[in-house]
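What follows is the content of my_file16.txt (compact mmCIF, N, CA and C atoms).
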```txt
# COMPACT_ATOMS: atom_id res chain seq x y z
N MET A 1 -4.95 27.88 38.01
CA MET A 1 -5.99 28.47 37.19
C MET A 1 -6.12 27.66 35.90
N LYS A 2 -7.32 27.46 35.49
CA LYS A 2 -7.62 26.67 34.31
C LYS A 2 -8.08 27.60 33.20
N LYS A 3 -7.62 27.27 31.97
CA LYS A 3 -8.01 28.07 30.82
C LYS A 3 -8.45 27.12 29.72
N GLU A 4 -9.60 27.36 29.16
CA GLU A 4 -10.11 26.51 28.09
C GLU A 4 -9.87 27.20 26.75
N ILE A 5 -9.28 26.44 25.82
CA ILE A 5 -9.00 26.95 24.49
C ILE A 5 -9.73 26.08 23.49
N SER A 6 -10.43 26.69 22.60
CA SER A 6 -11.12 25.90 21.57
C SER A 6 -10.46 26.14 20.22
N GLU A 7 -10.51 25.12 19.41
CA GLU A 7 -9.90 25.19 18.08
C GLU A 7 -10.86 24.54 17.10
N THR A 8 -11.06 25.15 15.98
CA THR A 8 -11.90 24.56 14.95
C THR A 8 -11.09 23.55 14.16
N VAL A 9 -11.66 22.37 13.98
CA VAL A 9 -11.02 21.34 13.16
C VAL A 9 -11.98 20.97 12.04
N TYR A 10 -11.42 20.40 10.98
CA TYR A 10 -12.19 20.18 9.75
C TYR A 10 -12.02 18.76 9.23
N THR A 11 -13.06 18.26 8.60
CA THR A 11 -12.89 17.05 7.79
C THR A 11 -12.22 17.50 6.49
N ILE A 12 -11.76 16.55 5.72
CA ILE A 12 -11.12 16.90 4.45
C ILE A 12 -12.11 17.63 3.53
N ASP A 13 -13.37 17.22 3.56
CA ASP A 13 -14.36 17.84 2.67
C ASP A 13 -14.74 19.25 3.10
N ASP A 14 -14.58 19.56 4.39
CA ASP A 14 -14.94 20.89 4.88
C ASP A 14 -13.73 21.83 5.02
N HIS A 15 -12.55 21.29 4.84
CA HIS A 15 -11.34 22.09 5.06
C HIS A 15 -11.25 23.19 4.01
N PRO A 16 -10.92 24.43 4.44
CA PRO A 16 -10.82 25.53 3.48
C PRO A 16 -9.63 25.39 2.52
N ASN A 17 -8.64 24.56 2.87
CA ASN A 17 -7.47 24.38 2.02
C ASN A 17 -7.07 22.90 2.00
N PRO A 18 -7.80 22.07 1.25
CA PRO A 18 -7.49 20.64 1.23
C PRO A 18 -6.06 20.33 0.80
N LYS A 19 -5.47 21.19 -0.03
CA LYS A 19 -4.09 20.97 -0.46
C LYS A 19 -3.14 20.94 0.74
N ALA A 20 -3.39 21.76 1.74
CA ALA A 20 -2.57 21.76 2.96
C ALA A 20 -2.68 20.42 3.68
N VAL A 21 -3.86 19.83 3.66
CA VAL A 21 -4.06 18.52 4.28
C VAL A 21 -3.31 17.45 3.49
N TYR A 22 -3.48 17.45 2.16
CA TYR A 22 -2.79 16.45 1.33
C TYR A 22 -1.28 16.55 1.52
N ASP A 23 -0.76 17.75 1.52
CA ASP A 23 0.68 17.94 1.70
C ASP A 23 1.12 17.46 3.09
N TRP A 24 0.35 17.80 4.11
CA TRP A 24 0.73 17.39 5.46
C TRP A 24 0.74 15.86 5.57
N VAL A 25 -0.30 15.21 5.07
CA VAL A 25 -0.37 13.75 5.13
C VAL A 25 0.80 13.13 4.37
N ARG A 26 1.04 13.60 3.15
CA ARG A 26 2.15 13.07 2.34
C ARG A 26 3.49 13.20 3.04
N ASN A 27 3.69 14.28 3.76
CA ASN A 27 4.97 14.54 4.42
C ASN A 27 5.10 13.93 5.81
N ASN A 28 4.01 13.41 6.37
CA ASN A 28 4.05 12.92 7.75
C ASN A 28 3.56 11.49 7.95
N TRP A 29 2.71 11.00 7.11
CA TRP A 29 2.18 9.65 7.29
C TRP A 29 2.88 8.69 6.33
N HIS A 30 4.08 8.28 6.69
CA HIS A 30 4.90 7.44 5.82
C HIS A 30 4.50 5.97 5.88
N TYR A 31 3.61 5.61 6.74
CA TYR A 31 3.20 4.23 6.93
C TYR A 31 1.96 3.85 6.11
N LEU A 32 1.38 4.76 5.37
CA LEU A 32 0.10 4.51 4.71
C LEU A 32 0.10 3.25 3.85
N GLY A 33 1.18 2.93 3.21
CA GLY A 33 1.22 1.77 2.34
C GLY A 33 1.86 0.54 2.95
N SER A 34 2.15 0.58 4.23
CA SER A 34 2.85 -0.56 4.84
C SER A 34 2.03 -1.84 4.77
N TYR A 35 0.71 -1.73 4.90
CA TYR A 35 -0.13 -2.93 4.81
C TYR A 35 -0.07 -3.53 3.41
N THR A 36 0.05 -2.68 2.40
CA THR A 36 0.13 -3.15 1.01
C THR A 36 1.40 -3.97 0.81
N VAL A 37 2.50 -3.47 1.31
CA VAL A 37 3.77 -4.20 1.18
C VAL A 37 3.69 -5.52 1.94
N ARG A 38 3.13 -5.51 3.14
CA ARG A 38 2.98 -6.75 3.92
C ARG A 38 2.13 -7.78 3.19
N GLU A 39 1.03 -7.32 2.59
CA GLU A 39 0.16 -8.23 1.85
C GLU A 39 0.87 -8.83 0.64
N MET A 40 1.67 -8.03 -0.06
CA MET A 40 2.42 -8.54 -1.21
C MET A 40 3.43 -9.58 -0.75
N VAL A 41 4.13 -9.29 0.33
CA VAL A 41 5.11 -10.25 0.87
C VAL A 41 4.40 -11.54 1.26
N ASP A 42 3.23 -11.44 1.88
CA ASP A 42 2.48 -12.64 2.26
C ASP A 42 2.11 -13.48 1.03
N SER A 43 1.67 -12.82 -0.05
CA SER A 43 1.35 -13.54 -1.28
C SER A 43 2.59 -14.22 -1.86
N LEU A 44 3.70 -13.50 -1.86
CA LEU A 44 4.95 -14.08 -2.38
C LEU A 44 5.42 -15.27 -1.54
N LYS A 45 5.34 -15.14 -0.22
CA LYS A 45 5.73 -16.25 0.66
C LYS A 45 4.84 -17.47 0.43
N ALA A 46 3.55 -17.23 0.29
CA ALA A 46 2.61 -18.34 0.06
C ALA A 46 2.90 -19.01 -1.28
N LEU A 47 3.22 -18.23 -2.30
CA LEU A 47 3.57 -18.81 -3.60
C LEU A 47 4.85 -19.62 -3.50
N ALA A 48 5.85 -19.06 -2.86
CA ALA A 48 7.12 -19.78 -2.71
C ALA A 48 6.90 -21.10 -1.97
N ASP A 49 6.09 -21.08 -0.93
CA ASP A 49 5.78 -22.32 -0.21
C ASP A 49 5.06 -23.31 -1.11
N HIS A 50 4.10 -22.81 -1.89
CA HIS A 50 3.30 -23.67 -2.76
C HIS A 50 4.16 -24.37 -3.82
N VAL A 51 5.12 -23.64 -4.38
CA VAL A 51 5.96 -24.23 -5.44
C VAL A 51 7.24 -24.84 -4.87
N GLU A 52 7.38 -24.80 -3.54
CA GLU A 52 8.55 -25.33 -2.84
C GLU A 52 9.84 -24.65 -3.30
N GLY A 53 9.75 -23.32 -3.42
CA GLY A 53 10.90 -22.52 -3.82
C GLY A 53 11.37 -21.65 -2.68
N GLU A 54 12.43 -20.92 -2.96
CA GLU A 54 12.99 -20.02 -1.96
C GLU A 54 12.82 -18.58 -2.43
N LEU A 55 12.17 -17.78 -1.60
CA LEU A 55 11.89 -16.38 -1.92
C LEU A 55 13.01 -15.48 -1.44
N ASP A 56 13.38 -14.54 -2.28
CA ASP A 56 14.32 -13.49 -1.91
C ASP A 56 13.77 -12.19 -2.52
N TYR A 57 13.78 -11.13 -1.75
CA TYR A 57 13.20 -9.88 -2.26
C TYR A 57 13.74 -8.68 -1.49
N ASN A 58 13.60 -7.54 -2.13
CA ASN A 58 13.85 -6.24 -1.52
C ASN A 58 13.05 -5.23 -2.34
N PHE A 59 12.00 -4.67 -1.76
CA PHE A 59 11.18 -3.71 -2.50
C PHE A 59 10.37 -2.86 -1.55
N GLY A 60 9.79 -1.82 -2.12
CA GLY A 60 8.91 -0.92 -1.39
C GLY A 60 7.86 -0.37 -2.33
N LEU A 61 7.09 0.58 -1.85
CA LEU A 61 6.02 1.17 -2.67
C LEU A 61 6.54 2.06 -3.79
N PHE A 62 7.76 2.55 -3.64
CA PHE A 62 8.29 3.49 -4.62
C PHE A 62 9.57 2.93 -5.24
N PRO A 63 9.78 3.19 -6.51
CA PRO A 63 10.94 2.62 -7.21
C PRO A 63 12.27 2.95 -6.53
N ASP A 64 13.14 1.96 -6.53
CA ASP A 64 14.47 2.09 -5.96
C ASP A 64 15.40 1.18 -6.75
N ARG A 65 16.61 1.61 -6.99
CA ARG A 65 17.54 0.82 -7.81
C ARG A 65 17.83 -0.57 -7.25
N GLY A 66 17.75 -0.75 -5.96
CA GLY A 66 18.11 -2.03 -5.35
C GLY A 66 16.98 -3.03 -5.25
N GLU A 67 15.86 -2.77 -5.88
CA GLU A 67 14.71 -3.66 -5.75
C GLU A 67 14.88 -4.94 -6.58
N PHE A 68 14.38 -6.03 -6.02
CA PHE A 68 14.34 -7.29 -6.77
C PHE A 68 13.35 -8.24 -6.11
N VAL A 69 12.90 -9.21 -6.88
CA VAL A 69 12.03 -10.27 -6.39
C VAL A 69 12.39 -11.52 -7.16
N LYS A 70 12.64 -12.61 -6.44
CA LYS A 70 12.89 -13.87 -7.14
C LYS A 70 12.53 -15.05 -6.25
N ILE A 71 12.08 -16.09 -6.93
CA ILE A 71 11.83 -17.38 -6.29
C ILE A 71 12.72 -18.37 -7.02
N THR A 72 13.62 -19.00 -6.28
CA THR A 72 14.53 -19.97 -6.89
C THR A 72 14.21 -21.37 -6.38
N GLY A 73 14.52 -22.35 -7.22
CA GLY A 73 14.36 -23.74 -6.83
C GLY A 73 12.93 -24.24 -6.80
N GLY A 74 11.99 -23.48 -7.31
CA GLY A 74 10.60 -23.90 -7.29
C GLY A 74 10.24 -24.81 -8.46
N HIS A 75 9.05 -25.35 -8.38
CA HIS A 75 8.53 -26.24 -9.43
C HIS A 75 7.34 -25.56 -10.10
N LYS A 76 7.56 -25.03 -11.30
CA LYS A 76 6.48 -24.31 -12.01
C LYS A 76 5.26 -25.18 -12.22
N SER A 77 5.45 -26.48 -12.33
CA SER A 77 4.32 -27.38 -12.56
C SER A 77 3.31 -27.35 -11.40
N ARG A 78 3.75 -26.89 -10.24
CA ARG A 78 2.86 -26.86 -9.07
C ARG A 78 1.84 -25.71 -9.13
N ILE A 79 1.98 -24.79 -10.10
CA ILE A 79 1.00 -23.69 -10.15
C ILE A 79 -0.09 -23.91 -11.18
N LYS A 80 0.02 -24.98 -11.97
CA LYS A 80 -0.99 -25.18 -13.01
C LYS A 80 -2.40 -25.33 -12.43
N ASP A 81 -2.52 -25.80 -11.20
CA ASP A 81 -3.82 -25.96 -10.56
C ASP A 81 -4.34 -24.68 -9.91
N LEU A 82 -3.52 -23.63 -9.83
CA LEU A 82 -3.93 -22.39 -9.17
C LEU A 82 -4.71 -21.49 -10.13
N LYS A 83 -5.87 -21.04 -9.69
CA LYS A 83 -6.67 -20.09 -10.47
C LYS A 83 -6.47 -18.72 -9.83
N ALA A 84 -5.68 -17.89 -10.50
CA ALA A 84 -5.29 -16.59 -9.93
C ALA A 84 -6.48 -15.74 -9.53
N ASN A 85 -7.56 -15.78 -10.30
CA ASN A 85 -8.73 -14.95 -10.00
C ASN A 85 -9.47 -15.38 -8.74
N ASP A 86 -9.16 -16.57 -8.23
CA ASP A 86 -9.78 -17.04 -6.99
C ASP A 86 -8.98 -16.64 -5.75
N TYR A 87 -7.85 -15.97 -5.96
CA TYR A 87 -6.97 -15.55 -4.86
C TYR A 87 -6.65 -16.72 -3.93
N PRO A 88 -6.08 -17.80 -4.48
CA PRO A 88 -5.92 -19.03 -3.70
C PRO A 88 -4.80 -19.04 -2.67
N LEU A 89 -3.91 -18.08 -2.71
CA LEU A 89 -2.76 -18.10 -1.80
C LEU A 89 -3.06 -17.45 -0.47
N THR A 90 -3.57 -16.22 -0.51
CA THR A 90 -3.84 -15.47 0.73
C THR A 90 -5.24 -14.87 0.77
N GLY A 91 -5.93 -14.91 -0.36
CA GLY A 91 -7.25 -14.30 -0.43
C GLY A 91 -7.19 -12.81 -0.74
N VAL A 92 -6.01 -12.31 -1.10
CA VAL A 92 -5.80 -10.89 -1.38
C VAL A 92 -5.47 -10.72 -2.87
N CYS A 93 -5.80 -9.58 -3.41
CA CYS A 93 -5.63 -9.32 -4.84
C CYS A 93 -4.21 -9.55 -5.36
N TRP A 94 -3.21 -9.43 -4.51
CA TRP A 94 -1.82 -9.60 -4.97
C TRP A 94 -1.54 -11.03 -5.42
N ASP A 95 -2.37 -11.98 -5.01
CA ASP A 95 -2.21 -13.35 -5.48
C ASP A 95 -2.21 -13.40 -7.01
N GLN A 96 -3.07 -12.61 -7.64
CA GLN A 96 -3.14 -12.58 -9.11
C GLN A 96 -1.79 -12.19 -9.71
N ASP A 97 -1.19 -11.15 -9.16
CA ASP A 97 0.08 -10.66 -9.72
C ASP A 97 1.21 -11.66 -9.51
N VAL A 98 1.29 -12.27 -8.35
CA VAL A 98 2.41 -13.18 -8.10
C VAL A 98 2.25 -14.48 -8.87
N ILE A 99 1.03 -15.00 -8.97
CA ILE A 99 0.81 -16.22 -9.74
C ILE A 99 1.06 -15.95 -11.22
N GLY A 100 0.47 -14.88 -11.74
CA GLY A 100 0.66 -14.54 -13.16
C GLY A 100 2.11 -14.26 -13.49
N GLY A 101 2.79 -13.54 -12.61
CA GLY A 101 4.20 -13.22 -12.85
C GLY A 101 5.09 -14.45 -12.81
N TYR A 102 4.82 -15.35 -11.89
CA TYR A 102 5.61 -16.58 -11.80
C TYR A 102 5.34 -17.47 -13.00
N ARG A 103 4.07 -17.52 -13.38
CA ARG A 103 3.65 -18.36 -14.52
C ARG A 103 4.30 -17.89 -15.81
N ASP A 104 4.34 -16.57 -16.04
CA ASP A 104 4.87 -16.07 -17.32
C ASP A 104 6.34 -15.66 -17.26
N GLY A 105 6.99 -15.91 -16.14
CA GLY A 105 8.42 -15.61 -16.02
C GLY A 105 8.75 -14.15 -15.78
N ASN A 106 7.76 -13.36 -15.41
CA ASN A 106 7.96 -11.93 -15.16
C ASN A 106 7.58 -11.55 -13.74
N LEU A 107 7.91 -12.39 -12.79
CA LEU A 107 7.51 -12.15 -11.40
C LEU A 107 7.97 -10.80 -10.90
N GLU A 108 9.24 -10.50 -11.05
CA GLU A 108 9.78 -9.24 -10.54
C GLU A 108 9.09 -8.04 -11.18
N ARG A 109 8.97 -8.03 -12.49
CA ARG A 109 8.35 -6.90 -13.18
C ARG A 109 6.89 -6.72 -12.75
N ARG A 110 6.14 -7.80 -12.65
CA ARG A 110 4.73 -7.71 -12.28
C ARG A 110 4.55 -7.22 -10.84
N VAL A 111 5.34 -7.76 -9.93
CA VAL A 111 5.23 -7.38 -8.53
C VAL A 111 5.61 -5.91 -8.33
N LEU A 112 6.75 -5.52 -8.87
CA LEU A 112 7.21 -4.14 -8.68
C LEU A 112 6.27 -3.14 -9.35
N SER A 113 5.80 -3.47 -10.53
CA SER A 113 4.88 -2.59 -11.24
C SER A 113 3.58 -2.42 -10.44
N ALA A 114 3.04 -3.51 -9.92
CA ALA A 114 1.79 -3.43 -9.14
C ALA A 114 2.00 -2.61 -7.87
N LEU A 115 3.09 -2.85 -7.17
CA LEU A 115 3.36 -2.10 -5.93
C LEU A 115 3.56 -0.61 -6.19
N HIS A 116 4.29 -0.29 -7.23
CA HIS A 116 4.56 1.12 -7.52
C HIS A 116 3.29 1.86 -7.94
N ARG A 117 2.44 1.19 -8.71
CA ARG A 117 1.15 1.81 -9.07
C ARG A 117 0.31 2.05 -7.82
N GLU A 118 0.30 1.07 -6.92
CA GLU A 118 -0.47 1.22 -5.69
C GLU A 118 0.10 2.34 -4.81
N GLY A 119 1.43 2.43 -4.75
CA GLY A 119 2.06 3.51 -3.99
C GLY A 119 1.69 4.88 -4.52
N GLU A 120 1.67 5.00 -5.85
CA GLU A 120 1.26 6.28 -6.46
C GLU A 120 -0.17 6.63 -6.08
N TYR A 121 -1.04 5.63 -6.08
CA TYR A 121 -2.43 5.89 -5.74
C TYR A 121 -2.58 6.25 -4.26
N ILE A 122 -1.97 5.48 -3.39
CA ILE A 122 -2.11 5.70 -1.95
C ILE A 122 -1.74 7.12 -1.57
N TYR A 123 -0.69 7.66 -2.17
CA TYR A 123 -0.23 9.00 -1.82
C TYR A 123 -0.73 10.09 -2.77
N SER A 124 -1.63 9.73 -3.68
CA SER A 124 -2.26 10.73 -4.55
C SER A 124 -3.32 11.46 -3.73
N ASP A 125 -3.78 12.61 -4.23
CA ASP A 125 -4.86 13.33 -3.55
C ASP A 125 -6.08 12.42 -3.37
N GLU A 126 -6.42 11.68 -4.42
CA GLU A 126 -7.59 10.79 -4.36
C GLU A 126 -7.41 9.71 -3.30
N GLY A 127 -6.24 9.09 -3.26
CA GLY A 127 -5.98 8.04 -2.27
C GLY A 127 -5.98 8.57 -0.85
N ILE A 128 -5.35 9.71 -0.66
CA ILE A 128 -5.33 10.32 0.68
C ILE A 128 -6.75 10.70 1.09
N HIS A 129 -7.49 11.30 0.17
CA HIS A 129 -8.87 11.69 0.46
C HIS A 129 -9.68 10.48 0.92
N GLU A 130 -9.57 9.39 0.18
CA GLU A 130 -10.30 8.17 0.53
C GLU A 130 -9.92 7.68 1.93
N HIS A 131 -8.63 7.68 2.23
CA HIS A 131 -8.17 7.19 3.53
C HIS A 131 -8.67 8.07 4.68
N VAL A 132 -8.49 9.38 4.57
CA VAL A 132 -8.86 10.24 5.70
C VAL A 132 -10.37 10.35 5.85
N GLU A 133 -11.09 10.22 4.76
CA GLU A 133 -12.55 10.26 4.83
C GLU A 133 -13.07 8.99 5.51
N CYS A 134 -12.55 7.83 5.10
CA CYS A 134 -12.98 6.55 5.71
C CYS A 134 -12.58 6.47 7.18
N SER A 135 -11.46 7.08 7.51
CA SER A 135 -10.96 7.04 8.90
C SER A 135 -11.55 8.14 9.77
N GLU A 136 -12.39 8.99 9.17
CA GLU A 136 -13.03 10.10 9.88
C GLU A 136 -12.01 10.97 10.60
N CYS A 137 -10.98 11.38 9.86
CA CYS A 137 -9.92 12.22 10.41
C CYS A 137 -10.33 13.69 10.40
N TYR A 138 -9.76 14.42 11.36
CA TYR A 138 -9.97 15.87 11.42
C TYR A 138 -8.63 16.56 11.35
N PHE A 139 -8.65 17.76 10.77
CA PHE A 139 -7.41 18.50 10.53
C PHE A 139 -7.55 19.95 10.98
N LYS A 140 -6.43 20.48 11.44
CA LYS A 140 -6.39 21.88 11.85
C LYS A 140 -6.35 22.77 10.61
N LEU A 141 -6.49 24.05 10.81
CA LEU A 141 -6.51 25.00 9.71
C LEU A 141 -5.23 24.94 8.87
N ASN A 142 -4.09 24.68 9.51
CA ASN A 142 -2.82 24.62 8.77
C ASN A 142 -2.63 23.31 8.03
N GLY A 143 -3.61 22.37 8.12
CA GLY A 143 -3.54 21.09 7.44
C GLY A 143 -3.06 19.95 8.31
N GLU A 144 -2.57 20.27 9.48
CA GLU A 144 -2.03 19.24 10.41
C GLU A 144 -3.17 18.38 10.98
N PHE A 145 -2.87 17.11 11.16
CA PHE A 145 -3.82 16.17 11.75
C PHE A 145 -4.15 16.57 13.17
N HIS A 146 -5.44 16.51 13.50
CA HIS A 146 -5.89 16.80 14.87
C HIS A 146 -6.10 15.47 15.57
N GLN A 147 -5.41 15.30 16.70
CA GLN A 147 -5.51 14.03 17.44
C GLN A 147 -6.59 14.06 18.47
```
How would this structure read if it were set down as structure tokens?
Amino acid sequence: MKKEISETVYTIDDHPNPKAVYDWVRNNWHYLGSYTVREMVDSLKALADHVEGELDYNFGLFPDRGEFVKITGGHKSRIKDLKANDYPLTGVCWDQDVIGGYRDGNLERRVLSALHREGEYIYSDEGIHEHVECSECYFKLNGEFHQ
């Protein structure tokens, strides 16, 4: 015997309790910022290659005591031709932060600060709203993602 069950699902803008959606996403979608971290790593690797240095790092979207970023053995003179606003390393906005940070000797501070700000945004109500709206996601009444 077959039984059909229907369930109402909502976009974030139509959901009667958007807070339930934000909470559910925050507690279940831990990968939202993974592309951001990958893009930052790509910019750092490209910079290290450009200056012929060696990259070492450990970081994430959220502050952690064990985080660090360093390029050793590089030649600072090799970045004088790079225009950070042109995104010359990877074509991604993080090129600005890594070039500027390497140039002024604050690579670690600039990279970690940029990543942590982005992490805060990605998991903020505004960031989550933007993501689920662009992705045309639907949610159940309890806030859970509808697949």
Please provide the set of residues having any atom within 10 Å of stretch 100-108 of chain A, restricted to only C-alpha atoms, with same-chain residues fewer than 2 positions apart removed, written as a VMD selection string.
chain A and resid 44 47 to 48 51 57 59 67 to 71 74 76 to 77 79 to 80 82 to 85 94 to 98 110 to 114
Would you kindly return, as JSON, numbers by chain, each protein, DNA or RNA residue with an atom no farther than 10 Å from any atom of A:Tyr123, considering only C-alpha atoms and excluding same-chain residues fewer than 2 positions away?
{"A": [22, 23, 25, 26, 27, 29, 30, 32, 33, 118, 119, 120, 121, 125, 126, 127, 128, 129, 131]}
Can you pull out every residue within 8 Å of A:Tyr138, counting only N, CA and C atoms, but drop anything in the same chain fewer than 5 positions away, and send it as a PyMOL selection string?
chain A and resi 8-12+132-133+143-147
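Minimum atom-to-atom distances from A:Lys140, A:Glu130, A:Ser43, A:Arg65 to A:Ser6 were compared using only C-alpha atoms, and the lowest value belongs to A:Lys140.
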Going by DSSP on the backbone, which residues of chain A come out as strand (DSSP E or B)? List them as a PyMOL selection string.
chain A and resi 10+54-58+68-72+138-139+145-146
File of the preceding selection, N, CA and C atoms, as a short mmCIF file (atom, residue, chain, number, x, y, z; two decimals), in the frame of the given file:
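For reference, selection.cif as written:
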```
data_model
loop_
_atom_site.label_atom_id
_atom_site.label_comp_id
_atom_site.auth_asym_id
_atom_site.auth_seq_id
_atom_site.Cartn_x
_atom_site.Cartn_y
_atom_site.Cartn_z
N TYR A 10 -11.42 20.40 10.98
CA TYR A 10 -12.19 20.18 9.75
C TYR A 10 -12.02 18.76 9.23
N GLU A 54 12.43 -20.92 -2.96
CA GLU A 54 12.99 -20.02 -1.96
C GLU A 54 12.82 -18.58 -2.43
N LEU A 55 12.17 -17.78 -1.60
CA LEU A 55 11.89 -16.38 -1.92
C LEU A 55 13.01 -15.48 -1.44
N ASP A 56 13.38 -14.54 -2.28
CA ASP A 56 14.32 -13.49 -1.91
C ASP A 56 13.77 -12.19 -2.52
N TYR A 57 13.78 -11.13 -1.75
CA TYR A 57 13.20 -9.88 -2.26
C TYR A 57 13.74 -8.68 -1.49
N ASN A 58 13.60 -7.54 -2.13
CA ASN A 58 13.85 -6.24 -1.52
C ASN A 58 13.05 -5.23 -2.34
N PHE A 68 14.38 -6.03 -6.02
CA PHE A 68 14.34 -7.29 -6.77
C PHE A 68 13.35 -8.24 -6.11
N VAL A 69 12.90 -9.21 -6.88
CA VAL A 69 12.03 -10.27 -6.39
C VAL A 69 12.39 -11.52 -7.16
N LYS A 70 12.64 -12.61 -6.44
CA LYS A 70 12.89 -13.87 -7.14
C LYS A 70 12.53 -15.05 -6.25
N ILE A 71 12.08 -16.09 -6.93
CA ILE A 71 11.83 -17.38 -6.29
C ILE A 71 12.72 -18.37 -7.02
N THR A 72 13.62 -19.00 -6.28
CA THR A 72 14.53 -19.97 -6.89
C THR A 72 14.21 -21.37 -6.38
N TYR A 138 -9.76 14.42 11.36
CA TYR A 138 -9.97 15.87 11.42
C TYR A 138 -8.63 16.56 11.35
N PHE A 139 -8.65 17.76 10.77
CA PHE A 139 -7.41 18.50 10.53
C PHE A 139 -7.55 19.95 10.98
N PHE A 145 -2.87 17.11 11.16
CA PHE A 145 -3.82 16.17 11.75
C PHE A 145 -4.15 16.57 13.17
N HIS A 146 -5.44 16.51 13.50
CA HIS A 146 -5.89 16.80 14.87
C HIS A 146 -6.10 15.47 15.57
#
```
Interatomic distance, atom CA of A:Pro88 to atom CA of A:Ala46 (Å, one decimal)
9.3 Å
To one decimal in Å, tell me the separation between atom CA of A:Arg38 and atom CA of A:Glu136.
24.0 Å
Tell me, which residues of stretch 19-106 of chain A carry DSSP alpha helix (DSSP H), written as an NGL selection string?
:A and (19-28 or 34-51 or 94-104)
Work out where the centre of an axis-aligned box around every listed atom of stretch 83-98 of chain A lies and how long its edges are once 5 Å is added on each side; give both in Å to one decimal as JSON.
```
{"center_x": -3.7, "center_y": -15.2, "center_z": -4.9, "size_x": 22.2, "size_y": 21.7, "size_z": 21.3}
```
I'd like the interatomic distance between atom CA of A:Thr36 and atom C of A:Ala20, to a tenth of an Å.
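So the answer is 23.9 Å.
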Pick from A:Cys137, A:Leu55, A:Leu89, A:Leu115: nearest to A:Gly73, with only C-alpha atoms counted?
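Of all the options, A:Leu55 lies closest to A:Gly73.
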Since fewer atoms than expected are present, regenerate all heavy atoms for stretch 85-90 of chain A and write them as a PDB file, keeping the file's coordinate frame.
```
ATOM      1  N   ASN A  85      -7.560 -15.780 -10.300  1.00  0.00           N
ATOM      2  CA  ASN A  85      -8.730 -14.950 -10.000  1.00  0.00           C
ATOM      3  C   ASN A  85      -9.470 -15.380  -8.740  1.00  0.00           C
ATOM      4  O   ASN A  85     -10.332 -14.663  -8.250  1.00  0.00           O
ATOM      5  CB  ASN A  85      -9.688 -14.924 -11.178  1.00  0.00           C
ATOM      6  CG  ASN A  85      -9.111 -14.179 -12.363  1.00  0.00           C
ATOM      7  OD1 ASN A  85      -8.216 -13.353 -12.203  1.00  0.00           O
ATOM      8  ND2 ASN A  85      -9.597 -14.479 -13.542  1.00  0.00           N
ATOM      9  N   ASP A  86      -9.160 -16.570  -8.230  1.00  0.00           N
ATOM     10  CA  ASP A  86      -9.780 -17.040  -6.990  1.00  0.00           C
ATOM     11  C   ASP A  86      -8.980 -16.640  -5.750  1.00  0.00           C
ATOM     12  O   ASP A  86      -9.369 -16.969  -4.633  1.00  0.00           O
ATOM     13  CB  ASP A  86      -9.920 -18.571  -7.010  1.00  0.00           C
ATOM     14  CG  ASP A  86     -10.920 -19.039  -8.052  1.00  0.00           C
ATOM     15  OD1 ASP A  86     -11.765 -18.229  -8.483  1.00  0.00           O
ATOM     16  OD2 ASP A  86     -10.849 -20.221  -8.443  1.00  0.00           O
ATOM     17  N   TYR A  87      -7.850 -15.970  -5.960  1.00  0.00           N
ATOM     18  CA  TYR A  87      -6.970 -15.550  -4.860  1.00  0.00           C
ATOM     19  C   TYR A  87      -6.650 -16.720  -3.930  1.00  0.00           C
ATOM     20  O   TYR A  87      -6.886 -16.654  -2.723  1.00  0.00           O
ATOM     21  CB  TYR A  87      -7.574 -14.387  -4.067  1.00  0.00           C
ATOM     22  CG  TYR A  87      -8.124 -13.274  -4.925  1.00  0.00           C
ATOM     23  CD1 TYR A  87      -9.479 -12.980  -4.942  1.00  0.00           C
ATOM     24  CD2 TYR A  87      -7.273 -12.534  -5.732  1.00  0.00           C
ATOM     25  CE1 TYR A  87      -9.975 -11.970  -5.743  1.00  0.00           C
ATOM     26  CE2 TYR A  87      -7.767 -11.518  -6.535  1.00  0.00           C
ATOM     27  CZ  TYR A  87      -9.123 -11.237  -6.540  1.00  0.00           C
ATOM     28  OH  TYR A  87      -9.605 -10.243  -7.334  1.00  0.00           O
ATOM     29  N   PRO A  88      -6.080 -17.800  -4.480  1.00  0.00           N
ATOM     30  CA  PRO A  88      -5.920 -19.030  -3.700  1.00  0.00           C
ATOM     31  C   PRO A  88      -4.800 -19.040  -2.670  1.00  0.00           C
ATOM     32  O   PRO A  88      -4.765 -19.915  -1.812  1.00  0.00           O
ATOM     33  CB  PRO A  88      -5.622 -20.065  -4.791  1.00  0.00           C
ATOM     34  CG  PRO A  88      -4.913 -19.272  -5.837  1.00  0.00           C
ATOM     35  CD  PRO A  88      -5.589 -17.933  -5.833  1.00  0.00           C
ATOM     36  N   LEU A  89      -3.910 -18.080  -2.710  1.00  0.00           N
ATOM     37  CA  LEU A  89      -2.760 -18.100  -1.800  1.00  0.00           C
ATOM     38  C   LEU A  89      -3.060 -17.450  -0.470  1.00  0.00           C
ATOM     39  O   LEU A  89      -2.836 -18.031   0.593  1.00  0.00           O
ATOM     40  CB  LEU A  89      -1.555 -17.416  -2.451  1.00  0.00           C
ATOM     41  CG  LEU A  89      -1.069 -18.037  -3.765  1.00  0.00           C
ATOM     42  CD1 LEU A  89      -0.020 -17.149  -4.417  1.00  0.00           C
ATOM     43  CD2 LEU A  89      -0.529 -19.442  -3.514  1.00  0.00           C
ATOM     44  N   THR A  90      -3.570 -16.220  -0.510  1.00  0.00           N
ATOM     45  CA  THR A  90      -3.840 -15.470   0.730  1.00  0.00           C
ATOM     46  C   THR A  90      -5.240 -14.870   0.770  1.00  0.00           C
ATOM     47  O   THR A  90      -5.643 -14.329   1.792  1.00  0.00           O
ATOM     48  CB  THR A  90      -2.825 -14.304   0.895  1.00  0.00           C
ATOM     49  OG1 THR A  90      -3.006 -13.385  -0.194  1.00  0.00           O
ATOM     50  CG2 THR A  90      -1.397 -14.808   0.942  1.00  0.00           C
TER      51      THR A  90
END
```
